[in-house]
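Novice: Below are the C-alpha cells for one structure; questions will follow.
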Amino acid sequence: MSIIGWTFLWVGITFSVYIGIAVWSRVSDTAGFYVAGQGIPAVANGMAVGADWMSAASFISMAGLVSFLGFDGSVYLMGWTGGYVLLAILLAPFLRKFGEYTVPDFVAKRYYSNTARVVAAVAAIFVSFTYVAGQMRGVGVVFSRFLEVSVTWGVVIGMIIVGIYAVLGGMKGVTWTQVAQYCVLIVAYLIPTFAIAYTLTGNPIPQIAIGEVLPRLDGLQQELGLGAYSGPFSNFSMLNVFCITVVLMAGTAGLPHVIVRFYTVRDVKSARWSAFWALLFIGLLYTAAPAVAMFSRFYILDSFAQLGASGMQELGWVQNWAQTGLIKTQAWTDGMAPGALLDTIDRDIIVLATPELANLSNWVVGLVAAGGLAAALSTASGLMIVISSSLAHDIYGEIINPDASDQRRLLVGRLAIFAGLVVAGLLGIYPPGFVAEVVAFAFGLAAASFFPILVLGIFWKRCNRQGAVWGLITGLAFTFVMIVLMRAHVVVPGVETPILDTFLGINAQGIGVVGMVLNFVVTVAVTKATPAPPQDVQDMVEQIRYPRTLSAEELRAGSA
Amino acid sequence: MDDSSAPDIDRDTYWKKTIRRSLALLAVWFVAGFVMSILLAEPLNSIDFGGIPFGFWMAQQGSIFVFIALILIYVLSMQQLDREAGVEEDEEDTPPPTAH
C-alpha cells in the first residue's frame with residue numbers, strides 16, 4: 001500500500017477513537033467541564049499532561065532544531081523537561097490543594113483582587129492563542145504533505161475534530177482523548193527511531209545507539225570541514241544557553257494549560273504522582289529526540305559525502321520533499337559546501353522525513369503523520385479549555401455575571417470553545433508572519449509574569465497584593481519592551497535592523513530571565529513597604545501547604 | 001486529635017522539612033542542568049562516556065534522567081513526611097469522582 005493509503009488508514013483509525021471517546025465522556029456540569037470532576041487517575045493524567053505539553057513543536061520541529069543546532073539544541077531538551085522539576089516541587093501539589101478551576105482563580109484569591117484575575121485571564125488567553133495558531137498550522141502541513149488536501153481543508157478538519165470532543169466532553173473529554181493521543185504519538189515517534197537505531201548500530205535502543213553513532217557523526221563532520229556536533233556554544237554563547245534554558249524551564253512551570261491539568265486529579269498525592277508520570281512519559285520522547293537529530297544528520301551528511309549534491313537529487317525523499325518546496329534543490333550545485341546544503345533543508349521536515357530517509361516501510365511513514373496530528377490536536381484542545389475557562393469562568397462567571405446558573409456557565413463555556421476554535425482556525429489558515437516569533441516569547445512572558453508571583457504566593461505568606469501587582473507589571477513590561485526592541489525588525493515593516501542587539505549580552509529568547517528577576521525583586525521590595533495581607537488570605541496560604549484539610553482550630557493553633 | 005494518634009512531628013517542623021528537602025532537590029537540579037550541562041560542558045567534554053563526550057551527554061540525555069529521578073524522590077519522600085506529620089489525605093475524605 002502507498003504512503004497516502006497508510007496515512008488515510010492510520011488517521012481514520014485514530015480519529016474514530018477520538019470521536020468515540022468524546023461521545024463516551026460527555027459532561028453535564030461545570031466541574032466536569034473545567035476540571036474533569038477532579039477524578040482523573042495520576043497515571044492517566046501523566047499521559048494527558050504529556051500529550052497536552054508535547055505540541056507540534058515537540059513532535060515535528062524539535063529534533064530538526066537540535067539536528068541543526070548540535071550541542072546548543074540542548075536548550076530545548078533541558079528547558080522543556082527541567083521545568084517539570086520546578087512545577088512538581090514548587091507549584092503543582094499546592095495549586096491542587098487550593099483546588100479551584102483556573103490559574104486566574106488562584107491569583108485572584110491569593111492576591112484578593114479581581115483586577116489581578118482579569119490581568120491573569122487576559123494573559124492566559126493571549127499565551128494560549130499564540131500557541132494554538134502554531135498547532136493548527138502543524139495540522140495543515142501534515143494534511144497537505146501526506147493526504148494531499150489543501151492546508152485550509154486540513155485546518156478545517158482539525159477544527160471539527162477538536163470541536164466535537166472539546167465542546168461535548170469539556171476537560172473530561174479532552175483528558176481521555178489526550179491519553180489516547182499520547183499513546184499514538186509516542187508509538188509513532190519511537191517505532192521509526194528504534195528501527196533506525198537498529199539499522200545503524202544493531203541495537204534498537206536509541207539512547208544506547210547514540211554511543212556508536214555520535215563518534216561516526218563527529219568524524220564525518222570533521223571530514224567535511226564542519227565543527228564537532230557535540231561541541232558547545234557554536235550557535236549561542238554560554239550566557240545565552242544558560243538564560244534560554246532558565247526561561248524555558250520557568251516558562252514551562254508558568255504556562256496555564258499545563259498547570260490546569262494538575263487540578264483534574266483526585267488529591268495532592270495524585271498531583272505529585274502526575275508530575276512524575278508526566279515527566280517520565282515526556283522523557284521517553286525527549287531522550288529519543290536527540291537520537292533522531294543525530295541519525296537524520298548522519299544520513300544527510302553521509303549521502304552528501306558519497307553522492308555529492310547532484311547525486312542526492314536522485315534520492316526519493318529529496319524528490320518528495322522538494323515538491324513541497326521544503327527542500328530547495330534548485331540552489332544545489334556541484335561542489336557546494338555541506339553547510340550551505342543543510343541551509344536549504346527546512347528544519348521542520350526532519351522528523352517527518354526521517355522514516356523515508358532511512359527507507360522504512362510506508363506504514364511507518366503514515367504512522368508518523370498520524371502521530372504528528374495527535375501531538376498538534378491534543379495541545380490545541382488543552383489550550384481551548386484554557387481559553388474557554390478564562391472567558392467563561394473568570395471573566396463571564398466571576399466578573400460579568402456572578403449570579404449565572406451552572407447550566408448557563410456551561411453553555412457560555414461551550415460557546416467560548418466554539419468561538420476560540422474559529423479564531424484559532426483562521427490563524428492557522430492565514431498565519432500572521434510573526435506567529436513563530438510570538439510563540440518563542442510566550443515562554444519569556446510566562447516566566448517573567450506568572451512564575452514569580454505563583455511561587456511567592458505559596459512560599460511567602462507575607463507577600464501581598466501591592467507587591468504582586470507591581471512585580472507582575474515590571475516583569476511583563478520589561479520583557480515585552482526588550483523583545484520589541486530586539487525583534488521589531490522581523491515584524492514591523494520599515495524597521496530594518498534591531499533597535500537593540502542584546503541586553504548585557506542576553507538575546508531576545510533569554511531576556512525573560514532578567515524580567516523574572518526584576519519581578520521577584522520588585523514584588524519583595526513593594527511587599528516589604530506595604531501592609532501584610534488580610535488574615536483569611538494568610539490562613540489560605542497555610543491551608544494549601546498541607547495535603548489534608550486543616551480544621552479552623554488547627555489553623556489557629558498552628559499560627560501561634 | 002487525641003494523643004494515641006498524635007503525629008511524630010508538628011506542622012511547623014513539617015513545613016521546615018519540606019523547604020529543606022525541596023532546596024536540596026533543587027540544588028541537584030541546578031548542578032545537573034546548569035553546572036554540568038552548561039557551565040562545565042566544555043571541560044567535561046574531554047571525558048569519554050561510552051563513545052560520547054560527557055558534557056554533551058549530560059546536556060542531551062543525563063540531565064533529563066536526573067530530572068525524572070528528582071521528581072520520584074520528591075514524591076516518595078513527601079509521602080513519608082505527610083505520614084510523619086499526620087497531614088496525609090484520608091482516602092474516604094476526598095470526594096468521589098463525579099459521574100457523568
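Every chain in the C-alpha cells has a letter given in the order shown (A, B, ...), and although residue numbers restart at 1 in each chain, ligands are simply numbered from 1 in the order shown.
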Kindly provide the residues of chain A that approach chain B to within 7 Å, each paired with its closest atom pair and their distance in Å to one decimal, based on only C-alpha atoms, listed by chain and increasing number, as a tab-separated table.

Specialist:
```
residue	atom	partner	partner_atom	distance
A:Arg26	CA	B:His100	CA	6.7
A:Val27	CA	B:His100	CA	5.3
A:Ser28	CA	B:His100	CA	6.6
A:Gly37	CA	B:Thr98	CA	5.0
A:Gln38	CA	B:Pro97	CA	6.3
A:Gly39	CA	B:Pro97	CA	4.3
A:Phe71	CA	B:Phe56	CA	6.4
A:Ser74	CA	B:Gln60	CA	5.6
A:Leu77	CA	B:Gln60	CA	6.4
A:Met78	CA	B:Ile64	CA	6.6
A:Thr81	CA	B:Ile64	CA	6.6
A:Gly82	CA	B:Phe67	CA	6.1
A:Val85	CA	B:Ile71	CA	6.2
A:Ala88	CA	B:Ile71	CA	6.6
A:Ile89	CA	B:Ser22	CA	6.4
A:Gly211	CA	B:Gly51	CA	4.9
A:Glu212	CA	B:Gly51	CA	6.4
A:Leu214	CA	B:Ile52	CA	6.6
A:Pro215	CA	B:Gly51	CA	6.4
A:Ser230	CA	B:Phe56	CA	5.8
A:Pro232	CA	B:Glu42	CA	6.6
A:Met238	CA	B:Ile38	CA	6.9
A:Phe242	CA	B:Ile38	CA	6.7
A:Arg272	CA	B:Val75	CA	5.9
A:Trp273	CA	B:Val75	CA	6.5
A:Phe276	CA	B:Ile71	CA	5.5
A:Leu279	CA	B:Ile68	CA	6.1
A:Leu280	CA	B:Ile68	CA	6.0
A:Gly283	CA	B:Ile64	CA	6.7
A:Thr287	CA	B:Gln61	CA	5.7
A:Pro290	CA	B:Gln60	CA	6.6
A:Tyr546	CA	B:Val87	CA	6.1
A:Pro547	CA	B:Glu88	CA	5.7
A:Arg548	CA	B:Glu89	CA	4.7
A:Gly558	CA	B:Arg11	CA	6.9
```

Novice: Among region 49-93 of chain B, which residues does DSSP mark as helix (DSSP H, G or I) when it is run on the backbone? Keep the chain and numbering as in the structure and answer as a PyMOL selection string.

Specialist: chain B and resi 54-85

Novice: For the selection just defined, write its residues with N, CA, C and O atoms to a file, as a compact mmCIF listing (two decimals), in the first residue's frame.

Specialist:
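Writing done, so here's out_12.txt:
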```txt
# COMPACT_ATOMS: atom_id res chain seq x y z
N PHE B 54 31.24 13.62 27.71
CA PHE B 54 30.35 13.60 28.88
C PHE B 54 29.50 14.86 29.02
O PHE B 54 28.33 14.79 29.38
N GLY B 55 30.06 16.03 28.73
CA GLY B 55 29.29 17.27 28.85
C GLY B 55 28.09 17.25 27.90
O GLY B 55 26.96 17.60 28.27
N PHE B 56 28.33 16.79 26.69
CA PHE B 56 27.26 16.68 25.70
C PHE B 56 26.21 15.66 26.14
O PHE B 56 25.01 15.89 26.04
N TRP B 57 26.65 14.54 26.69
CA TRP B 57 25.72 13.50 27.14
C TRP B 57 24.84 14.04 28.26
O TRP B 57 23.63 13.82 28.27
N MET B 58 25.45 14.75 29.20
CA MET B 58 24.66 15.34 30.30
C MET B 58 23.61 16.29 29.74
O MET B 58 22.46 16.28 30.16
N ALA B 59 23.99 17.12 28.77
CA ALA B 59 23.08 18.14 28.26
C ALA B 59 21.92 17.52 27.48
O ALA B 59 20.81 18.04 27.50
N GLN B 60 22.16 16.40 26.78
CA GLN B 60 21.10 15.88 25.91
C GLN B 60 20.44 14.61 26.44
O GLN B 60 19.42 14.19 25.89
N GLN B 61 21.03 13.96 27.45
CA GLN B 61 20.44 12.74 27.98
C GLN B 61 20.40 12.75 29.52
O GLN B 61 19.36 12.65 30.13
N GLY B 62 21.60 12.85 30.11
CA GLY B 62 21.75 12.67 31.55
C GLY B 62 20.89 13.59 32.38
O GLY B 62 20.24 13.15 33.34
N SER B 63 20.85 14.88 32.00
CA SER B 63 20.09 15.83 32.81
C SER B 63 18.62 15.42 32.85
O SER B 63 17.98 15.53 33.89
N ILE B 64 18.07 14.91 31.75
CA ILE B 64 16.65 14.53 31.73
C ILE B 64 16.41 13.35 32.66
O ILE B 64 15.43 13.32 33.41
N PHE B 65 17.34 12.36 32.65
CA PHE B 65 17.19 11.24 33.59
C PHE B 65 17.22 11.76 35.03
O PHE B 65 16.45 11.31 35.88
N VAL B 66 18.13 12.70 35.32
CA VAL B 66 18.22 13.25 36.67
C VAL B 66 16.91 13.94 37.05
O VAL B 66 16.40 13.76 38.16
N PHE B 67 16.34 14.71 36.13
CA PHE B 67 15.08 15.42 36.43
C PHE B 67 13.97 14.43 36.81
O PHE B 67 13.22 14.65 37.77
N ILE B 68 13.87 13.35 36.04
CA ILE B 68 12.82 12.35 36.33
C ILE B 68 13.04 11.76 37.72
O ILE B 68 12.12 11.65 38.53
N ALA B 69 14.30 11.40 38.01
CA ALA B 69 14.62 10.80 39.31
C ALA B 69 14.31 11.78 40.45
O ALA B 69 13.80 11.37 41.50
N LEU B 70 14.59 13.06 40.25
CA LEU B 70 14.35 14.05 41.30
C LEU B 70 12.87 14.11 41.68
O LEU B 70 12.52 14.19 42.86
N ILE B 71 11.99 14.08 40.67
CA ILE B 71 10.56 14.15 40.99
C ILE B 71 10.13 12.89 41.73
O ILE B 71 9.37 12.96 42.70
N LEU B 72 10.65 11.72 41.32
CA LEU B 72 10.30 10.48 42.01
C LEU B 72 10.73 10.55 43.48
O LEU B 72 9.96 10.22 44.38
N ILE B 73 11.95 11.03 43.73
CA ILE B 73 12.44 11.14 45.11
C ILE B 73 11.55 12.11 45.90
O ILE B 73 11.17 11.84 47.04
N TYR B 74 11.17 13.21 45.27
CA TYR B 74 10.31 14.19 45.94
C TYR B 74 8.98 13.55 46.34
O TYR B 74 8.53 13.68 47.48
N VAL B 75 8.35 12.85 45.40
CA VAL B 75 7.03 12.25 45.66
C VAL B 75 7.13 11.28 46.83
O VAL B 75 6.34 11.34 47.78
N LEU B 76 8.12 10.38 46.79
CA LEU B 76 8.22 9.36 47.83
C LEU B 76 8.57 9.98 49.18
O LEU B 76 7.99 9.64 50.21
N SER B 77 9.51 10.94 49.18
CA SER B 77 9.93 11.49 50.46
C SER B 77 8.82 12.37 51.06
O SER B 77 8.66 12.41 52.28
N MET B 78 8.01 13.03 50.23
CA MET B 78 6.92 13.83 50.77
C MET B 78 5.81 12.95 51.32
O MET B 78 5.16 13.29 52.31
N GLN B 79 5.59 11.80 50.69
CA GLN B 79 4.55 10.89 51.21
C GLN B 79 4.91 10.42 52.61
O GLN B 79 4.06 10.35 53.49
N GLN B 80 6.20 10.14 52.80
CA GLN B 80 6.66 9.69 54.10
C GLN B 80 6.53 10.83 55.12
O GLN B 80 6.06 10.62 56.24
N LEU B 81 6.89 12.04 54.69
CA LEU B 81 6.80 13.20 55.59
C LEU B 81 5.34 13.50 55.96
O LEU B 81 5.04 13.82 57.12
N ASP B 82 4.44 13.37 54.98
CA ASP B 82 3.00 13.56 55.24
C ASP B 82 2.55 12.64 56.38
O ASP B 82 1.81 13.05 57.26
N ARG B 83 2.99 11.38 56.31
CA ARG B 83 2.57 10.41 57.32
C ARG B 83 3.13 10.78 58.69
O ARG B 83 2.43 10.76 59.69
N GLU B 84 4.42 11.16 58.72
CA GLU B 84 5.04 11.52 59.99
C GLU B 84 4.30 12.67 60.66
O GLU B 84 4.15 12.71 61.88
N ALA B 85 3.84 13.64 59.87
CA ALA B 85 3.20 14.82 60.43
C ALA B 85 1.69 14.67 60.55
O ALA B 85 1.01 15.57 61.03
```

Novice: List as a compact mmCIF listing (two decimals) with N, CA, C and O atoms, in the first residue's frame the protein and nucleic acid residues near region 354-359 of chain A, meaning an atom at most 12 Å away when only C-alpha atoms are counted, but skip any in the same chain fewer than 4 places from it.

Specialist:
```txt
# COMPACT_ATOMS: atom_id res chain seq x y z
N ILE A 3 2.09 5.33 0.65
CA ILE A 3 2.17 6.17 1.84
C ILE A 3 0.82 6.82 2.12
O ILE A 3 0.32 6.83 3.25
N ILE A 60 7.10 17.56 15.78
CA ILE A 60 7.53 17.78 14.40
C ILE A 60 8.84 18.57 14.32
O ILE A 60 9.74 18.24 13.58
N ALA A 63 13.35 17.83 17.04
CA ALA A 63 14.52 17.06 16.63
C ALA A 63 15.24 17.75 15.47
O ALA A 63 16.47 17.73 15.39
N GLY A 64 14.47 18.37 14.58
CA GLY A 64 15.07 19.10 13.47
C GLY A 64 15.92 20.26 13.95
O GLY A 64 17.04 20.47 13.50
N SER A 67 19.00 18.91 15.51
CA SER A 67 19.87 18.41 14.45
C SER A 67 20.71 19.53 13.83
O SER A 67 21.88 19.35 13.52
N ALA A 188 4.23 6.40 17.51
CA ALA A 188 4.61 6.91 16.19
C ALA A 188 6.02 7.49 16.20
O ALA A 188 6.71 7.48 15.20
N TYR A 189 6.45 8.01 17.35
CA TYR A 189 7.80 8.59 17.42
C TYR A 189 8.84 7.50 17.61
O TYR A 189 9.92 7.55 17.03
N LEU A 190 8.52 6.53 18.48
CA LEU A 190 9.55 5.57 18.86
C LEU A 190 9.76 4.45 17.83
O LEU A 190 10.89 4.00 17.65
N ILE A 191 8.70 3.99 17.14
CA ILE A 191 8.88 2.88 16.20
C ILE A 191 9.95 3.20 15.14
O ILE A 191 10.92 2.45 14.99
N PRO A 192 9.82 4.32 14.43
CA PRO A 192 10.88 4.61 13.45
C PRO A 192 12.25 4.84 14.10
O PRO A 192 13.27 4.46 13.53
N THR A 193 12.26 5.43 15.30
CA THR A 193 13.53 5.68 15.97
C THR A 193 14.23 4.37 16.32
O THR A 193 15.43 4.20 16.10
N PHE A 194 13.46 3.42 16.86
CA PHE A 194 14.01 2.08 17.15
C PHE A 194 14.53 1.44 15.87
O PHE A 194 15.63 0.88 15.84
N ALA A 195 13.73 1.52 14.81
CA ALA A 195 14.11 0.87 13.55
C ALA A 195 15.42 1.43 13.02
O ALA A 195 16.30 0.68 12.58
N ILE A 196 15.55 2.77 13.08
CA ILE A 196 16.76 3.38 12.54
C ILE A 196 17.96 3.04 13.42
O ILE A 196 19.06 2.73 12.93
N ALA A 197 17.76 3.08 14.76
CA ALA A 197 18.86 2.75 15.67
C ALA A 197 19.36 1.34 15.37
O ALA A 197 20.56 1.09 15.31
N TYR A 198 18.40 0.42 15.11
CA TYR A 198 18.77 -0.97 14.84
C TYR A 198 19.52 -1.07 13.51
O TYR A 198 20.55 -1.75 13.42
N THR A 199 19.04 -0.37 12.49
CA THR A 199 19.70 -0.42 11.19
C THR A 199 21.13 0.12 11.27
O THR A 199 22.06 -0.45 10.70
N LEU A 200 21.31 1.22 12.01
CA LEU A 200 22.63 1.85 12.05
C LEU A 200 23.62 1.10 12.93
O LEU A 200 24.80 1.05 12.62
N ALA A 289 14.60 12.15 21.05
CA ALA A 289 14.72 13.22 20.05
C ALA A 289 16.18 13.52 19.66
O ALA A 289 16.47 13.67 18.47
N ALA A 291 18.53 11.51 19.54
CA ALA A 291 18.96 10.41 18.67
C ALA A 291 18.44 10.61 17.25
O ALA A 291 19.19 10.48 16.28
N VAL A 292 17.14 10.99 17.14
CA VAL A 292 16.58 11.28 15.81
C VAL A 292 17.40 12.39 15.14
O VAL A 292 17.73 12.31 13.94
N ALA A 293 17.75 13.40 15.94
CA ALA A 293 18.53 14.53 15.40
C ALA A 293 19.85 14.04 14.82
O ALA A 293 20.24 14.41 13.71
N MET A 294 20.55 13.19 15.59
CA MET A 294 21.84 12.69 15.13
C MET A 294 21.70 11.77 13.92
O MET A 294 22.46 11.88 12.95
N PHE A 295 20.71 10.86 13.98
CA PHE A 295 20.53 9.90 12.88
C PHE A 295 20.27 10.63 11.57
O PHE A 295 20.87 10.33 10.54
N SER A 296 19.36 11.61 11.62
CA SER A 296 19.00 12.27 10.37
C SER A 296 20.18 13.06 9.82
O SER A 296 20.45 13.05 8.63
N ARG A 297 20.91 13.71 10.72
CA ARG A 297 22.06 14.47 10.26
C ARG A 297 23.12 13.55 9.68
O ARG A 297 23.74 13.86 8.66
N PHE A 298 23.27 12.39 10.32
CA PHE A 298 24.24 11.42 9.82
C PHE A 298 23.85 10.95 8.42
O PHE A 298 24.68 10.91 7.51
N TYR A 299 22.57 10.60 8.23
CA TYR A 299 22.10 10.16 6.91
C TYR A 299 22.34 11.22 5.85
O TYR A 299 22.83 10.94 4.75
N ILE A 300 21.97 12.46 6.19
CA ILE A 300 22.09 13.53 5.19
C ILE A 300 23.55 13.77 4.82
O ILE A 300 23.92 13.81 3.64
N LEU A 301 24.42 13.89 5.85
CA LEU A 301 25.83 14.18 5.57
C LEU A 301 26.51 12.99 4.89
O LEU A 301 27.38 13.16 4.04
N ASP A 302 26.08 11.76 5.25
CA ASP A 302 26.66 10.56 4.66
C ASP A 302 26.31 10.51 3.16
O ASP A 302 27.17 10.24 2.32
N SER A 303 25.02 10.79 2.83
CA SER A 303 24.64 10.83 1.41
C SER A 303 25.44 11.89 0.69
O SER A 303 25.90 11.69 -0.44
N MET A 312 22.51 13.46 -4.83
CA MET A 312 21.42 13.41 -3.84
C MET A 312 20.08 13.76 -4.46
O MET A 312 19.04 13.35 -3.96
N LEU A 315 17.64 10.95 -4.98
CA LEU A 315 17.06 10.19 -3.86
C LEU A 315 15.56 10.47 -3.75
O LEU A 315 15.11 11.59 -3.94
N GLY A 316 14.78 9.41 -3.40
CA GLY A 316 13.33 9.52 -3.33
C GLY A 316 12.86 10.59 -2.35
O GLY A 316 12.01 11.42 -2.66
N TRP A 317 13.42 10.59 -1.13
CA TRP A 317 12.93 11.53 -0.13
C TRP A 317 13.23 12.96 -0.52
O TRP A 317 12.44 13.87 -0.26
N VAL A 318 14.38 13.16 -1.20
CA VAL A 318 14.70 14.52 -1.63
C VAL A 318 13.67 14.99 -2.64
O VAL A 318 13.14 16.11 -2.55
N GLN A 319 13.31 14.10 -3.59
CA GLN A 319 12.33 14.49 -4.61
C GLN A 319 10.95 14.76 -4.01
O GLN A 319 10.31 15.75 -4.34
N ASN A 320 10.51 13.87 -3.07
CA ASN A 320 9.20 14.07 -2.43
C ASN A 320 9.10 15.42 -1.75
O ASN A 320 8.11 16.13 -1.87
N TRP A 321 10.14 15.75 -0.97
CA TRP A 321 10.05 16.98 -0.18
C TRP A 321 10.37 18.21 -1.01
O TRP A 321 9.93 19.30 -0.69
N ARG A 347 13.94 22.91 8.61
CA ARG A 347 14.15 22.12 9.83
C ARG A 347 12.92 21.31 10.22
O ARG A 347 13.01 20.26 10.83
N ASP A 348 11.74 21.83 9.88
CA ASP A 348 10.51 21.18 10.30
C ASP A 348 10.26 19.83 9.63
O ASP A 348 9.38 19.09 10.04
N ILE A 349 11.01 19.50 8.56
CA ILE A 349 10.70 18.24 7.88
C ILE A 349 11.49 17.07 8.45
O ILE A 349 11.21 15.93 8.11
N ILE A 350 12.49 17.33 9.32
CA ILE A 350 13.40 16.27 9.74
C ILE A 350 12.66 15.04 10.30
O ILE A 350 12.86 13.92 9.86
N TRP A 363 4.04 1.99 5.92
CA TRP A 363 3.12 2.07 7.06
C TRP A 363 3.72 2.89 8.18
O TRP A 363 3.00 3.56 8.92
N VAL A 364 5.07 2.89 8.30
CA VAL A 364 5.71 3.69 9.35
C VAL A 364 5.59 5.18 9.02
O VAL A 364 5.29 6.00 9.88
N VAL A 365 5.77 5.51 7.76
CA VAL A 365 5.67 6.92 7.35
C VAL A 365 4.27 7.45 7.65
O VAL A 365 4.09 8.54 8.19
N GLY A 366 3.24 6.63 7.33
CA GLY A 366 1.86 7.03 7.60
C GLY A 366 1.60 7.18 9.09
O GLY A 366 0.89 8.09 9.53
N LEU A 367 2.20 6.29 9.89
CA LEU A 367 2.02 6.34 11.34
C LEU A 367 2.61 7.62 11.92
O LEU A 367 2.01 8.26 12.80
N VAL A 368 3.78 8.03 11.41
CA VAL A 368 4.40 9.27 11.89
C VAL A 368 3.48 10.46 11.61
O VAL A 368 3.33 11.35 12.45
N ALA A 369 2.82 10.44 10.44
CA ALA A 369 1.89 11.53 10.13
C ALA A 369 0.75 11.56 11.15
O ALA A 369 0.38 12.62 11.66
```

Novice: Could you state the separation of CA of His393 (chain A) and CA of Val469 (chain A) in Å, given to one decimal place?

Specialist: 21.5 Å

Novice: In terms of the shortest atom-to-atom distance over only C-alpha atoms, which of A:Lys172, A:Arg414, A:His257, A:Arg145 is closest to Ala322 (chain A)?

Specialist: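 Using only C-alpha atoms, Ala322 (chain A) sits closest to A:Arg145.
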